[in-house]
file target.txt (compact mmCIF, N, CA and C atoms)
# COMPACT_ATOMS: atom_id res chain seq x y z
N MET A 151 0.86 -1.18 0.00
CA MET A 151 0.00 0.00 0.00
C MET A 151 0.89 1.23 0.00
N PHE A 152 0.61 2.17 -0.90
CA PHE A 152 1.34 3.43 -0.98
C PHE A 152 0.57 4.49 -0.20
N SER A 153 1.30 5.49 0.30
CA SER A 153 0.62 6.57 1.02
C SER A 153 1.36 7.89 0.83
N VAL A 154 0.61 8.96 0.96
CA VAL A 154 1.12 10.33 0.98
C VAL A 154 0.40 11.03 2.12
N THR A 155 1.16 11.80 2.91
CA THR A 155 0.58 12.56 4.02
C THR A 155 0.87 14.04 3.83
N VAL A 156 -0.15 14.85 4.07
CA VAL A 156 0.00 16.30 4.09
C VAL A 156 -0.41 16.79 5.47
N ARG A 157 0.09 17.97 5.84
CA ARG A 157 -0.11 18.48 7.20
C ARG A 157 -0.61 19.91 7.17
N GLU A 158 -1.46 20.22 8.14
CA GLU A 158 -1.95 21.57 8.39
C GLU A 158 -1.98 21.77 9.90
N HIS A 159 -2.45 22.92 10.34
CA HIS A 159 -2.68 23.14 11.77
C HIS A 159 -4.04 23.81 11.95
N LEU A 160 -4.59 23.64 13.14
CA LEU A 160 -5.95 24.10 13.43
C LEU A 160 -5.99 24.63 14.85
N MET A 161 -6.59 25.81 15.01
CA MET A 161 -6.78 26.40 16.33
C MET A 161 -8.27 26.71 16.51
N ILE A 162 -8.85 26.12 17.56
CA ILE A 162 -10.29 26.28 17.79
C ILE A 162 -10.54 26.59 19.26
N ALA A 163 -11.77 26.99 19.54
CA ALA A 163 -12.28 27.07 20.90
C ALA A 163 -13.51 26.17 20.95
N HIS A 164 -13.74 25.55 22.10
CA HIS A 164 -14.93 24.71 22.28
C HIS A 164 -15.06 24.36 23.75
N SER A 165 -16.18 23.75 24.09
CA SER A 165 -16.40 23.22 25.43
C SER A 165 -17.08 21.86 25.29
N PHE A 166 -17.08 21.11 26.37
CA PHE A 166 -17.68 19.77 26.36
C PHE A 166 -18.80 19.68 27.38
N GLN A 167 -19.70 18.76 27.13
CA GLN A 167 -20.80 18.48 28.06
C GLN A 167 -20.57 17.12 28.67
N GLY A 168 -20.64 17.03 30.00
CA GLY A 168 -20.49 15.75 30.68
C GLY A 168 -19.38 15.78 31.70
N GLU A 169 -19.64 15.16 32.85
CA GLU A 169 -18.68 15.14 33.94
C GLU A 169 -17.35 14.51 33.56
N VAL A 170 -17.36 13.58 32.61
CA VAL A 170 -16.14 12.90 32.20
C VAL A 170 -15.08 13.88 31.70
N PHE A 171 -15.51 15.06 31.26
CA PHE A 171 -14.59 16.05 30.70
C PHE A 171 -14.01 17.00 31.74
N GLY A 172 -14.45 16.91 32.99
CA GLY A 172 -13.89 17.73 34.06
C GLY A 172 -13.83 19.19 33.69
N PRO A 173 -12.67 19.84 33.87
CA PRO A 173 -12.57 21.28 33.61
C PRO A 173 -12.75 21.65 32.13
N ALA A 174 -12.63 20.68 31.22
CA ALA A 174 -12.82 20.97 29.80
C ALA A 174 -14.28 21.24 29.46
N GLN A 175 -15.16 21.14 30.46
CA GLN A 175 -16.55 21.53 30.24
C GLN A 175 -16.65 23.04 30.03
N ARG A 176 -15.68 23.76 30.55
CA ARG A 176 -15.64 25.21 30.34
C ARG A 176 -15.03 25.50 28.97
N LEU A 177 -15.35 26.64 28.42
CA LEU A 177 -14.78 27.06 27.14
C LEU A 177 -13.26 27.09 27.25
N HIS A 178 -12.60 26.49 26.27
CA HIS A 178 -11.14 26.44 26.24
C HIS A 178 -10.66 26.37 24.80
N GLY A 179 -9.40 26.61 24.60
CA GLY A 179 -8.83 26.54 23.27
C GLY A 179 -8.10 25.23 23.05
N ALA A 180 -7.96 24.87 21.78
CA ALA A 180 -7.20 23.67 21.41
C ALA A 180 -6.46 23.97 20.11
N THR A 181 -5.24 23.50 20.05
CA THR A 181 -4.43 23.64 18.85
C THR A 181 -4.01 22.25 18.40
N PHE A 182 -4.19 21.96 17.13
CA PHE A 182 -3.89 20.64 16.59
C PHE A 182 -2.98 20.74 15.37
N LEU A 183 -2.08 19.78 15.23
CA LEU A 183 -1.47 19.49 13.94
C LEU A 183 -2.41 18.49 13.29
N VAL A 184 -2.72 18.70 12.02
CA VAL A 184 -3.66 17.84 11.31
C VAL A 184 -2.92 17.14 10.18
N ASP A 185 -2.86 15.82 10.25
CA ASP A 185 -2.24 15.01 9.20
C ASP A 185 -3.33 14.26 8.45
N ALA A 186 -3.31 14.36 7.13
CA ALA A 186 -4.21 13.59 6.27
C ALA A 186 -3.36 12.66 5.42
N THR A 187 -3.63 11.36 5.52
CA THR A 187 -2.87 10.36 4.78
C THR A 187 -3.79 9.70 3.77
N PHE A 188 -3.35 9.72 2.52
CA PHE A 188 -4.09 9.15 1.40
C PHE A 188 -3.42 7.84 1.01
N ARG A 189 -4.24 6.79 0.75
CA ARG A 189 -3.68 5.47 0.45
C ARG A 189 -4.26 4.89 -0.83
N ARG A 190 -3.43 4.08 -1.48
CA ARG A 190 -3.88 3.32 -2.65
C ARG A 190 -2.91 2.16 -2.86
N PRO A 191 -3.41 1.05 -3.40
CA PRO A 191 -2.54 -0.12 -3.58
C PRO A 191 -1.53 0.02 -4.70
N GLU A 192 -1.85 0.79 -5.73
CA GLU A 192 -0.96 0.97 -6.88
C GLU A 192 -0.86 2.45 -7.21
N LEU A 193 0.28 2.87 -7.69
CA LEU A 193 0.46 4.26 -8.10
C LEU A 193 -0.33 4.53 -9.38
N ASP A 194 -0.67 5.82 -9.59
CA ASP A 194 -1.39 6.17 -10.82
C ASP A 194 -0.43 6.19 -12.00
N SER A 195 -0.91 6.60 -13.15
CA SER A 195 -0.10 6.58 -14.37
C SER A 195 1.10 7.53 -14.31
N ASP A 196 1.09 8.48 -13.37
CA ASP A 196 2.23 9.38 -13.18
C ASP A 196 3.12 8.94 -12.02
N ASN A 197 2.86 7.74 -11.49
CA ASN A 197 3.58 7.21 -10.33
C ASN A 197 3.35 8.02 -9.07
N LEU A 198 2.12 8.48 -8.90
CA LEU A 198 1.72 9.26 -7.73
C LEU A 198 0.62 8.53 -6.95
N VAL A 199 0.56 8.81 -5.66
CA VAL A 199 -0.60 8.41 -4.85
C VAL A 199 -1.71 9.43 -5.10
N VAL A 200 -1.33 10.70 -4.96
CA VAL A 200 -2.26 11.82 -5.17
C VAL A 200 -1.40 13.05 -5.43
N ASP A 201 -1.95 14.02 -6.10
CA ASP A 201 -1.25 15.29 -6.31
C ASP A 201 -1.09 15.94 -4.94
N ILE A 202 0.14 16.00 -4.46
CA ILE A 202 0.41 16.48 -3.11
C ILE A 202 0.01 17.95 -2.94
N GLY A 203 0.14 18.74 -4.00
CA GLY A 203 -0.26 20.14 -3.94
C GLY A 203 -1.76 20.29 -3.77
N LEU A 204 -2.53 19.54 -4.56
CA LEU A 204 -3.99 19.58 -4.42
C LEU A 204 -4.44 19.03 -3.07
N ALA A 205 -3.78 17.97 -2.62
CA ALA A 205 -4.14 17.39 -1.32
C ALA A 205 -3.92 18.41 -0.21
N GLY A 206 -2.78 19.09 -0.24
CA GLY A 206 -2.49 20.10 0.77
C GLY A 206 -3.44 21.28 0.70
N SER A 207 -3.77 21.71 -0.50
CA SER A 207 -4.69 22.83 -0.68
C SER A 207 -6.08 22.51 -0.14
N GLU A 208 -6.57 21.30 -0.46
CA GLU A 208 -7.91 20.93 0.00
C GLU A 208 -7.95 20.75 1.51
N LEU A 209 -6.91 20.14 2.08
CA LEU A 209 -6.86 20.04 3.54
C LEU A 209 -6.84 21.44 4.14
N GLY A 210 -6.08 22.35 3.54
CA GLY A 210 -6.04 23.73 4.03
C GLY A 210 -7.39 24.41 3.98
N ARG A 211 -8.15 24.17 2.93
CA ARG A 211 -9.49 24.77 2.82
C ARG A 211 -10.42 24.24 3.91
N ILE A 212 -10.37 22.94 4.13
CA ILE A 212 -11.24 22.32 5.13
C ILE A 212 -10.88 22.83 6.53
N VAL A 213 -9.61 22.83 6.84
CA VAL A 213 -9.16 23.32 8.15
C VAL A 213 -9.49 24.81 8.28
N GLY A 214 -9.34 25.56 7.20
CA GLY A 214 -9.63 26.98 7.22
C GLY A 214 -11.08 27.30 7.57
N GLU A 215 -11.99 26.40 7.24
CA GLU A 215 -13.41 26.60 7.59
C GLU A 215 -13.64 26.54 9.10
N LEU A 216 -12.73 25.89 9.82
CA LEU A 216 -12.87 25.71 11.27
C LEU A 216 -11.89 26.55 12.08
N ASN A 217 -10.81 26.99 11.45
CA ASN A 217 -9.72 27.65 12.15
C ASN A 217 -10.18 28.96 12.79
N TYR A 218 -9.71 29.19 14.02
CA TYR A 218 -10.03 30.39 14.79
C TYR A 218 -11.52 30.56 15.02
N ARG A 219 -12.24 29.45 15.13
CA ARG A 219 -13.68 29.50 15.36
C ARG A 219 -13.99 28.89 16.72
N ASN A 220 -15.07 29.38 17.35
CA ASN A 220 -15.62 28.73 18.53
C ASN A 220 -16.63 27.72 18.01
N LEU A 221 -16.29 26.45 18.06
CA LEU A 221 -17.16 25.41 17.50
C LEU A 221 -18.51 25.36 18.18
N ASP A 222 -18.59 25.81 19.43
CA ASP A 222 -19.87 25.84 20.15
C ASP A 222 -20.87 26.76 19.46
N GLU A 223 -20.40 27.72 18.68
CA GLU A 223 -21.27 28.69 18.02
C GLU A 223 -21.70 28.28 16.62
N LEU A 224 -21.16 27.17 16.11
CA LEU A 224 -21.49 26.74 14.75
C LEU A 224 -22.68 25.78 14.79
N PRO A 225 -23.73 26.07 14.01
CA PRO A 225 -24.93 25.21 14.03
C PRO A 225 -24.64 23.73 13.76
N GLU A 226 -23.66 23.44 12.91
CA GLU A 226 -23.37 22.04 12.57
C GLU A 226 -22.83 21.25 13.76
N PHE A 227 -22.36 21.94 14.81
CA PHE A 227 -21.83 21.26 15.98
C PHE A 227 -22.69 21.46 17.22
N ALA A 228 -23.89 21.99 17.06
CA ALA A 228 -24.78 22.23 18.19
C ALA A 228 -25.04 20.94 18.96
N GLY A 229 -24.78 20.97 20.26
CA GLY A 229 -25.03 19.81 21.10
C GLY A 229 -24.06 18.66 20.92
N VAL A 230 -22.98 18.87 20.19
CA VAL A 230 -22.01 17.81 19.90
C VAL A 230 -20.73 18.05 20.70
N ASN A 231 -20.23 17.01 21.35
CA ASN A 231 -18.92 17.10 21.98
C ASN A 231 -17.86 16.95 20.88
N THR A 232 -17.23 18.05 20.54
CA THR A 232 -16.28 18.07 19.43
C THR A 232 -14.91 17.59 19.92
N SER A 233 -14.88 16.33 20.31
CA SER A 233 -13.64 15.70 20.77
C SER A 233 -12.63 15.64 19.61
N THR A 234 -11.41 15.36 19.95
CA THR A 234 -10.37 15.22 18.93
C THR A 234 -10.76 14.12 17.95
N GLU A 235 -11.27 13.01 18.46
CA GLU A 235 -11.67 11.90 17.62
C GLU A 235 -12.78 12.31 16.64
N TYR A 236 -13.75 13.03 17.17
CA TYR A 236 -14.88 13.47 16.35
C TYR A 236 -14.41 14.43 15.26
N LEU A 237 -13.53 15.37 15.62
CA LEU A 237 -13.03 16.33 14.63
C LEU A 237 -12.21 15.64 13.55
N ALA A 238 -11.47 14.59 13.91
CA ALA A 238 -10.73 13.83 12.89
C ALA A 238 -11.70 13.24 11.87
N LYS A 239 -12.83 12.74 12.33
CA LYS A 239 -13.84 12.19 11.41
C LYS A 239 -14.44 13.29 10.53
N VAL A 240 -14.72 14.44 11.11
CA VAL A 240 -15.27 15.56 10.33
C VAL A 240 -14.32 15.92 9.19
N VAL A 241 -13.04 16.07 9.50
CA VAL A 241 -12.06 16.43 8.47
C VAL A 241 -11.95 15.33 7.42
N ALA A 242 -11.90 14.07 7.85
CA ALA A 242 -11.79 12.95 6.91
C ALA A 242 -13.01 12.88 5.99
N ASP A 243 -14.19 13.03 6.55
CA ASP A 243 -15.41 12.95 5.73
C ASP A 243 -15.48 14.11 4.74
N ARG A 244 -15.05 15.28 5.15
CA ARG A 244 -15.05 16.43 4.23
C ARG A 244 -14.02 16.23 3.12
N LEU A 245 -12.87 15.67 3.46
CA LEU A 245 -11.88 15.35 2.43
C LEU A 245 -12.43 14.31 1.46
N ALA A 246 -13.08 13.29 1.98
CA ALA A 246 -13.65 12.25 1.13
C ALA A 246 -14.67 12.85 0.16
N ASP A 247 -15.48 13.77 0.65
CA ASP A 247 -16.46 14.44 -0.23
C ASP A 247 -15.75 15.19 -1.35
N ARG A 248 -14.65 15.85 -1.03
CA ARG A 248 -13.92 16.63 -2.04
C ARG A 248 -13.20 15.72 -3.03
N ILE A 249 -12.74 14.58 -2.55
CA ILE A 249 -12.14 13.60 -3.46
C ILE A 249 -13.21 13.12 -4.45
N GLY A 250 -14.38 12.79 -3.92
CA GLY A 250 -15.48 12.33 -4.76
C GLY A 250 -15.94 13.37 -5.77
N ALA A 251 -15.81 14.64 -5.41
CA ALA A 251 -16.23 15.72 -6.30
C ALA A 251 -15.14 16.07 -7.33
N GLY A 252 -13.99 15.41 -7.23
CA GLY A 252 -12.92 15.65 -8.21
C GLY A 252 -11.95 16.77 -7.86
N ALA A 253 -12.04 17.31 -6.64
CA ALA A 253 -11.20 18.45 -6.27
C ALA A 253 -9.72 18.10 -6.17
N LEU A 254 -9.39 16.81 -6.03
CA LEU A 254 -7.99 16.40 -5.95
C LEU A 254 -7.51 15.81 -7.27
N GLY A 255 -8.27 16.02 -8.33
CA GLY A 255 -7.88 15.57 -9.66
C GLY A 255 -8.35 14.17 -9.98
N GLU A 256 -8.27 13.83 -11.25
CA GLU A 256 -8.72 12.53 -11.72
C GLU A 256 -7.91 11.38 -11.12
N GLY A 257 -6.61 11.61 -10.92
CA GLY A 257 -5.76 10.57 -10.34
C GLY A 257 -6.21 10.13 -8.96
N ALA A 258 -6.87 11.03 -8.24
CA ALA A 258 -7.32 10.71 -6.89
C ALA A 258 -8.48 9.72 -6.87
N ARG A 259 -9.09 9.48 -8.01
CA ARG A 259 -10.20 8.53 -8.06
C ARG A 259 -9.73 7.11 -7.72
N GLY A 260 -8.42 6.85 -7.82
CA GLY A 260 -7.89 5.54 -7.48
C GLY A 260 -7.55 5.36 -6.01
N LEU A 261 -7.77 6.40 -5.21
CA LEU A 261 -7.51 6.27 -3.78
C LEU A 261 -8.48 5.27 -3.16
N THR A 262 -7.98 4.48 -2.24
CA THR A 262 -8.83 3.48 -1.58
C THR A 262 -9.00 3.72 -0.09
N GLY A 263 -8.16 4.58 0.49
CA GLY A 263 -8.26 4.83 1.92
C GLY A 263 -7.75 6.20 2.29
N LEU A 264 -8.22 6.66 3.43
CA LEU A 264 -7.90 7.98 3.94
C LEU A 264 -7.88 7.91 5.46
N SER A 265 -6.88 8.52 6.06
CA SER A 265 -6.90 8.65 7.52
C SER A 265 -6.52 10.07 7.89
N VAL A 266 -7.11 10.55 8.96
CA VAL A 266 -6.82 11.88 9.47
C VAL A 266 -6.45 11.74 10.94
N THR A 267 -5.33 12.35 11.31
CA THR A 267 -4.87 12.35 12.69
C THR A 267 -4.75 13.77 13.18
N LEU A 268 -5.31 14.05 14.34
CA LEU A 268 -5.18 15.34 14.99
C LEU A 268 -4.27 15.16 16.20
N HIS A 269 -3.14 15.85 16.17
CA HIS A 269 -2.16 15.79 17.25
C HIS A 269 -2.44 16.93 18.22
N GLU A 270 -2.84 16.58 19.46
CA GLU A 270 -3.07 17.60 20.48
C GLU A 270 -1.76 18.07 21.09
N SER A 271 -0.79 17.17 21.16
CA SER A 271 0.51 17.48 21.71
C SER A 271 1.49 16.42 21.23
N HIS A 272 2.71 16.48 21.74
CA HIS A 272 3.71 15.48 21.36
C HIS A 272 3.47 14.14 22.04
N ILE A 273 2.49 14.08 22.97
CA ILE A 273 2.22 12.81 23.65
C ILE A 273 0.78 12.32 23.50
N ALA A 274 -0.06 13.07 22.78
CA ALA A 274 -1.46 12.65 22.65
C ALA A 274 -2.02 13.05 21.29
N TRP A 275 -2.68 12.09 20.63
CA TRP A 275 -3.32 12.35 19.35
C TRP A 275 -4.43 11.34 19.15
N ALA A 276 -5.32 11.67 18.20
CA ALA A 276 -6.43 10.77 17.87
C ALA A 276 -6.65 10.84 16.38
N GLY A 277 -7.26 9.79 15.84
CA GLY A 277 -7.47 9.76 14.40
C GLY A 277 -8.70 9.00 13.99
N TYR A 278 -8.95 9.07 12.69
CA TYR A 278 -10.08 8.37 12.08
C TYR A 278 -9.62 7.87 10.72
N GLU A 279 -9.93 6.61 10.42
CA GLU A 279 -9.60 6.01 9.13
C GLU A 279 -10.88 5.59 8.43
N ARG A 280 -10.89 5.73 7.11
CA ARG A 280 -12.06 5.32 6.35
C ARG A 280 -11.65 4.83 4.98
N ASP A 281 -12.49 3.99 4.42
CA ASP A 281 -12.32 3.55 3.05
C ASP A 281 -12.91 4.59 2.12
N LEU A 282 -12.41 4.59 0.90
CA LEU A 282 -12.96 5.50 -0.13
C LEU A 282 -13.59 4.68 -1.24

call {"tool": "encode", "arguments": {"input": "target.txt", "output": "structure tokens"}}
result
Amino acid sequence: MFSVTVREHLMIAHSFQGEVFGPAQRLHGATFLVDATFRRPELDSDNLVVDIGLAGSELGRIVGELNYRNLDELPEFAGVNTSTEYLAKVVADRLADRIGAGALGEGARGLTGLSVTLHESHIAWAGYERDL
């Protein structure tokens, strides 16, 4: 399996509901490194997994929609605990939609898998993997 990973960063504010979250129930900030890894069993006709420039640009657009936002104020996240795991899925699903729409080029149609990892720090991260 071949893979290519691109990276962005994301800074948000949010709060959580539920005793399990302790002090994180209060509004707080979070900063993440965001890695998106694209996979396919065989390289395309140009010997690429995906156009790395397009992959980075699309990840940047998706992250840009959330960057410097209070997620508690966005209708799409109303009543949702926007955990690191959940946000990884949001980014992955949005990337998958853009792949399907052709935003990463025709070569990206051969992608078979995608994973997104959000790094909270050098010792903690969470991710989501999906088939395409």

call {"tool": "residues_around", "arguments": {"input": "target.txt", "residues": "Thr267 of chain A", "least_positions_apart": "3", "cutoff": "6.5 Å", "atoms": "all atoms listed in the file", "output": "VMD selection string"}}
result
chain A and resid 183 to 187 238 275 to 278

call {"tool": "select_by_dssp", "arguments": {"input": "target.txt", "residues": "chain A", "states": "strand (DSSP E or B)", "output": "CSV table (one decimal) with N, CA and C atoms, in the frame of the given file"}}
result
chain,number,residue,atom,x,y,z
A,152,PHE,N,0.6,2.2,-0.9
A,152,PHE,CA,1.3,3.4,-1.0
A,152,PHE,C,0.6,4.5,-0.2
A,153,SER,N,1.3,5.5,0.3
A,153,SER,CA,0.6,6.6,1.0
A,153,SER,C,1.4,7.9,0.8
A,154,VAL,N,0.6,9.0,1.0
A,154,VAL,CA,1.1,10.3,1.0
A,154,VAL,C,0.4,11.0,2.1
A,155,THR,N,1.2,11.8,2.9
A,155,THR,CA,0.6,12.6,4.0
A,155,THR,C,0.9,14.0,3.8
A,156,VAL,N,-0.2,14.8,4.1
A,156,VAL,CA,0.0,16.3,4.1
A,156,VAL,C,-0.4,16.8,5.5
A,157,ARG,N,0.1,18.0,5.8
A,157,ARG,CA,-0.1,18.5,7.2
A,157,ARG,C,-0.6,19.9,7.2
A,158,GLU,N,-1.5,20.2,8.1
A,158,GLU,CA,-2.0,21.6,8.4
A,158,GLU,C,-2.0,21.8,9.9
A,159,HIS,N,-2.4,22.9,10.3
A,159,HIS,CA,-2.7,23.1,11.8
A,159,HIS,C,-4.0,23.8,12.0
A,160,LEU,N,-4.6,23.6,13.1
A,160,LEU,CA,-6.0,24.1,13.4
A,160,LEU,C,-6.0,24.6,14.8
A,161,MET,N,-6.6,25.8,15.0
A,161,MET,CA,-6.8,26.4,16.3
A,161,MET,C,-8.3,26.7,16.5
A,162,ILE,N,-8.8,26.1,17.6
A,162,ILE,CA,-10.3,26.3,17.8
A,162,ILE,C,-10.5,26.6,19.3
A,163,ALA,N,-11.8,27.0,19.5
A,163,ALA,CA,-12.3,27.1,20.9
A,163,ALA,C,-13.5,26.2,21.0
A,164,HIS,N,-13.7,25.6,22.1
A,164,HIS,CA,-14.9,24.7,22.3
A,164,HIS,C,-15.1,24.4,23.8
A,178,HIS,N,-12.6,26.5,26.3
A,178,HIS,CA,-11.1,26.4,26.2
A,178,HIS,C,-10.7,26.4,24.8
A,179,GLY,N,-9.4,26.6,24.6
A,179,GLY,CA,-8.8,26.5,23.3
A,179,GLY,C,-8.1,25.2,23.0
A,180,ALA,N,-8.0,24.9,21.8
A,180,ALA,CA,-7.2,23.7,21.4
A,180,ALA,C,-6.5,24.0,20.1
A,181,THR,N,-5.2,23.5,20.0
A,181,THR,CA,-4.4,23.6,18.8
A,181,THR,C,-4.0,22.2,18.4
A,182,PHE,N,-4.2,22.0,17.1
A,182,PHE,CA,-3.9,20.6,16.6
A,182,PHE,C,-3.0,20.7,15.4
A,183,LEU,N,-2.1,19.8,15.2
A,183,LEU,CA,-1.5,19.5,13.9
A,183,LEU,C,-2.4,18.5,13.3
A,184,VAL,N,-2.7,18.7,12.0
A,184,VAL,CA,-3.7,17.8,11.3
A,184,VAL,C,-2.9,17.1,10.2
A,185,ASP,N,-2.9,15.8,10.2
A,185,ASP,CA,-2.2,15.0,9.2
A,185,ASP,C,-3.3,14.3,8.4
A,186,ALA,N,-3.3,14.4,7.1
A,186,ALA,CA,-4.2,13.6,6.3
A,186,ALA,C,-3.4,12.7,5.4
A,187,THR,N,-3.6,11.4,5.5
A,187,THR,CA,-2.9,10.4,4.8
A,187,THR,C,-3.8,9.7,3.8
A,188,PHE,N,-3.4,9.7,2.5
A,188,PHE,CA,-4.1,9.2,1.4
A,188,PHE,C,-3.4,7.8,1.0
A,189,ARG,N,-4.2,6.8,0.8
A,189,ARG,CA,-3.7,5.5,0.4
A,189,ARG,C,-4.3,4.9,-0.8
A,190,ARG,N,-3.4,4.1,-1.5
A,190,ARG,CA,-3.9,3.3,-2.6
A,190,ARG,C,-2.9,2.2,-2.9
A,219,ARG,N,-12.2,29.4,15.1
A,219,ARG,CA,-13.7,29.5,15.4
A,219,ARG,C,-14.0,28.9,16.7
A,220,ASN,N,-15.1,29.4,17.4
A,220,ASN,CA,-15.6,28.7,18.5
A,220,ASN,C,-16.6,27.7,18.0
A,263,GLY,N,-8.2,4.6,0.5
A,263,GLY,CA,-8.3,4.8,1.9
A,263,GLY,C,-7.8,6.2,2.3
A,264,LEU,N,-8.2,6.7,3.4
A,264,LEU,CA,-7.9,8.0,3.9
A,264,LEU,C,-7.9,7.9,5.5
A,265,SER,N,-6.9,8.5,6.1
A,265,SER,CA,-6.9,8.6,7.5
A,265,SER,C,-6.5,10.1,7.9
A,266,VAL,N,-7.1,10.6,9.0
A,266,VAL,CA,-6.8,11.9,9.5
A,266,VAL,C,-6.4,11.7,10.9
A,267,THR,N,-5.3,12.4,11.3
A,267,THR,CA,-4.9,12.4,12.7
A,267,THR,C,-4.8,13.8,13.2
A,268,LEU,N,-5.3,14.0,14.3
A,268,LEU,CA,-5.2,15.3,15.0
A,268,LEU,C,-4.3,15.2,16.2
A,269,HIS,N,-3.1,15.8,16.2
A,269,HIS,CA,-2.2,15.8,17.2
A,269,HIS,C,-2.4,16.9,18.2
A,275,TRP,N,-2.7,12.1,20.6
A,275,TRP,CA,-3.3,12.4,19.4
A,275,TRP,C,-4.4,11.3,19.2
A,276,ALA,N,-5.3,11.7,18.2
A,276,ALA,CA,-6.4,10.8,17.9
A,276,ALA,C,-6.6,10.8,16.4
A,277,GLY,N,-7.3,9.8,15.8
A,277,GLY,CA,-7.5,9.8,14.4
A,277,GLY,C,-8.7,9.0,14.0
A,278,TYR,N,-9.0,9.1,12.7
A,278,TYR,CA,-10.1,8.4,12.1
A,278,TYR,C,-9.6,7.9,10.7
A,279,GLU,N,-9.9,6.6,10.4
A,279,GLU,CA,-9.6,6.0,9.1
A,279,GLU,C,-10.9,5.6,8.4
A,280,ARG,N,-10.9,5.7,7.1
A,280,ARG,CA,-12.1,5.3,6.4
A,280,ARG,C,-11.6,4.8,5.0
A,281,ASP,N,-12.5,4.0,4.4
A,281,ASP,CA,-12.3,3.6,3.0
A,281,ASP,C,-12.9,4.6,2.1

call {"tool": "residues_around", "arguments": {"input": "target.txt", "residues": "Thr181 of chain A", "least_positions_apart": "3", "cutoff": "7 Å", "atoms": "all atoms listed in the file", "output": "NGL selection string"}}
result
:A and (159-162 or 269-271)

call {"tool": "closest_residue", "arguments": {"input": "target.txt", "among": "A:Ala251, A:Phe166, A:His178, A:Arg244", "to": "Glu208 of chain A", "atoms": "all atoms listed in the file"}}
result
A:Arg244

call {"tool": "residues_around", "arguments": {"input": "target.txt", "residues": "Ala246 of chain A", "least_positions_apart": "4", "cutoff": "8 Å", "atoms": "only C-alpha atoms", "output": "NGL selection string"}}
result
:A and (242 or 250 or 264 or 282)

call {"tool": "write_last_selection", "arguments": {"input": "target.txt", "atoms": "N, CA and C atoms", "output": "PDB file, keeping the file's coordinate frame"}}
result
ATOM      1  N   ALA A 242     -11.900  14.070   7.850  1.00  0.00           N
ATOM      2  CA  ALA A 242     -11.790  12.950   6.910  1.00  0.00           C
ATOM      3  C   ALA A 242     -13.010  12.880   5.990  1.00  0.00           C
ATOM      4  N   GLY A 250     -14.380  12.790  -3.920  1.00  0.00           N
ATOM      5  CA  GLY A 250     -15.480  12.330  -4.760  1.00  0.00           C
ATOM      6  C   GLY A 250     -15.940  13.370  -5.770  1.00  0.00           C
ATOM      7  N   LEU A 264      -8.220   6.660   3.430  1.00  0.00           N
ATOM      8  CA  LEU A 264      -7.900   7.980   3.940  1.00  0.00           C
ATOM      9  C   LEU A 264      -7.880   7.910   5.460  1.00  0.00           C
ATOM     10  N   LEU A 282     -12.410   4.590   0.900  1.00  0.00           N
ATOM     11  CA  LEU A 282     -12.960   5.500  -0.130  1.00  0.00           C
ATOM     12  C   LEU A 282     -13.590   4.680  -1.240  1.00  0.00           C
TER      13      LEU A 282
END

call {"tool": "closest_residue", "arguments": {"input": "target.txt", "among": "A:Val154, A:Gln167, A:Ala174, A:Asp201", "to": "Gly257 of chain A", "atoms": "only C-alpha atoms"}}
result
A:Asp201

call {"tool": "closest_residue", "arguments": {"input": "target.txt", "among": "A:Glu215, A:Ala205, A:Pro191, A:Arg157", "to": "Gly255 of chain A", "atoms": "only N, CA and C atoms"}}
result
A:Ala205

call {"tool": "atom_distance", "arguments": {"input": "target.txt", "atom1": "atom C of Leu254 of chain A", "atom2": "atom CA of Leu216 of chain A"}}
result
21.7 Å

call {"tool": "residues_around", "arguments": {"input": "target.txt", "residues": "Phe227 of chain A", "least_positions_apart": "4", "cutoff": "12 Å", "atoms": "only C-alpha atoms", "output": "compact mmCIF listing (two decimals) with N, CA and C atoms, in the frame of the given file"}}
result
# COMPACT_ATOMS: atom_id res chain seq x y z
N HIS A 164 -13.74 25.55 22.10
CA HIS A 164 -14.93 24.71 22.28
C HIS A 164 -15.06 24.36 23.75
N SER A 165 -16.18 23.75 24.09
CA SER A 165 -16.40 23.22 25.43
C SER A 165 -17.08 21.86 25.29
N PHE A 166 -17.08 21.11 26.37
CA PHE A 166 -17.68 19.77 26.36
C PHE A 166 -18.80 19.68 27.38
N LEU A 216 -12.73 25.89 9.82
CA LEU A 216 -12.87 25.71 11.27
C LEU A 216 -11.89 26.55 12.08
N ARG A 219 -12.24 29.45 15.13
CA ARG A 219 -13.68 29.50 15.36
C ARG A 219 -13.99 28.89 16.72
N ASN A 220 -15.07 29.38 17.35
CA ASN A 220 -15.62 28.73 18.53
C ASN A 220 -16.63 27.72 18.01
N LEU A 221 -16.29 26.45 18.06
CA LEU A 221 -17.16 25.41 17.50
C LEU A 221 -18.51 25.36 18.18
N ASP A 222 -18.59 25.81 19.43
CA ASP A 222 -19.87 25.84 20.15
C ASP A 222 -20.87 26.76 19.46
N GLU A 223 -20.40 27.72 18.68
CA GLU A 223 -21.27 28.69 18.02
C GLU A 223 -21.70 28.28 16.62
N ASN A 231 -20.23 17.01 21.35
CA ASN A 231 -18.92 17.10 21.98
C ASN A 231 -17.86 16.95 20.88
N THR A 232 -17.23 18.05 20.54
CA THR A 232 -16.28 18.07 19.43
C THR A 232 -14.91 17.59 19.92
N SER A 233 -14.88 16.33 20.31
CA SER A 233 -13.64 15.70 20.77
C SER A 233 -12.63 15.64 19.61
N TYR A 236 -13.75 13.03 17.17
CA TYR A 236 -14.88 13.47 16.35
C TYR A 236 -14.41 14.43 15.26
N LEU A 237 -13.53 15.37 15.62
CA LEU A 237 -13.03 16.33 14.63
C LEU A 237 -12.21 15.64 13.55
N VAL A 240 -14.72 14.44 11.11
CA VAL A 240 -15.27 15.56 10.33
C VAL A 240 -14.32 15.92 9.19

call {"tool": "closest_residue", "arguments": {"input": "target.txt", "among": "A:Leu268, A:Val199, A:Ala253, A:Met151", "to": "Thr234 of chain A", "atoms": "only N, CA and C atoms"}}
result
A:Leu268

call {"tool": "closest_residue", "arguments": {"input": "target.txt", "among": "A:His272, A:Gly168, A:Ile249, A:Val241", "to": "Gly210 of chain A", "atoms": "only C-alpha atoms"}}
result
A:Val241
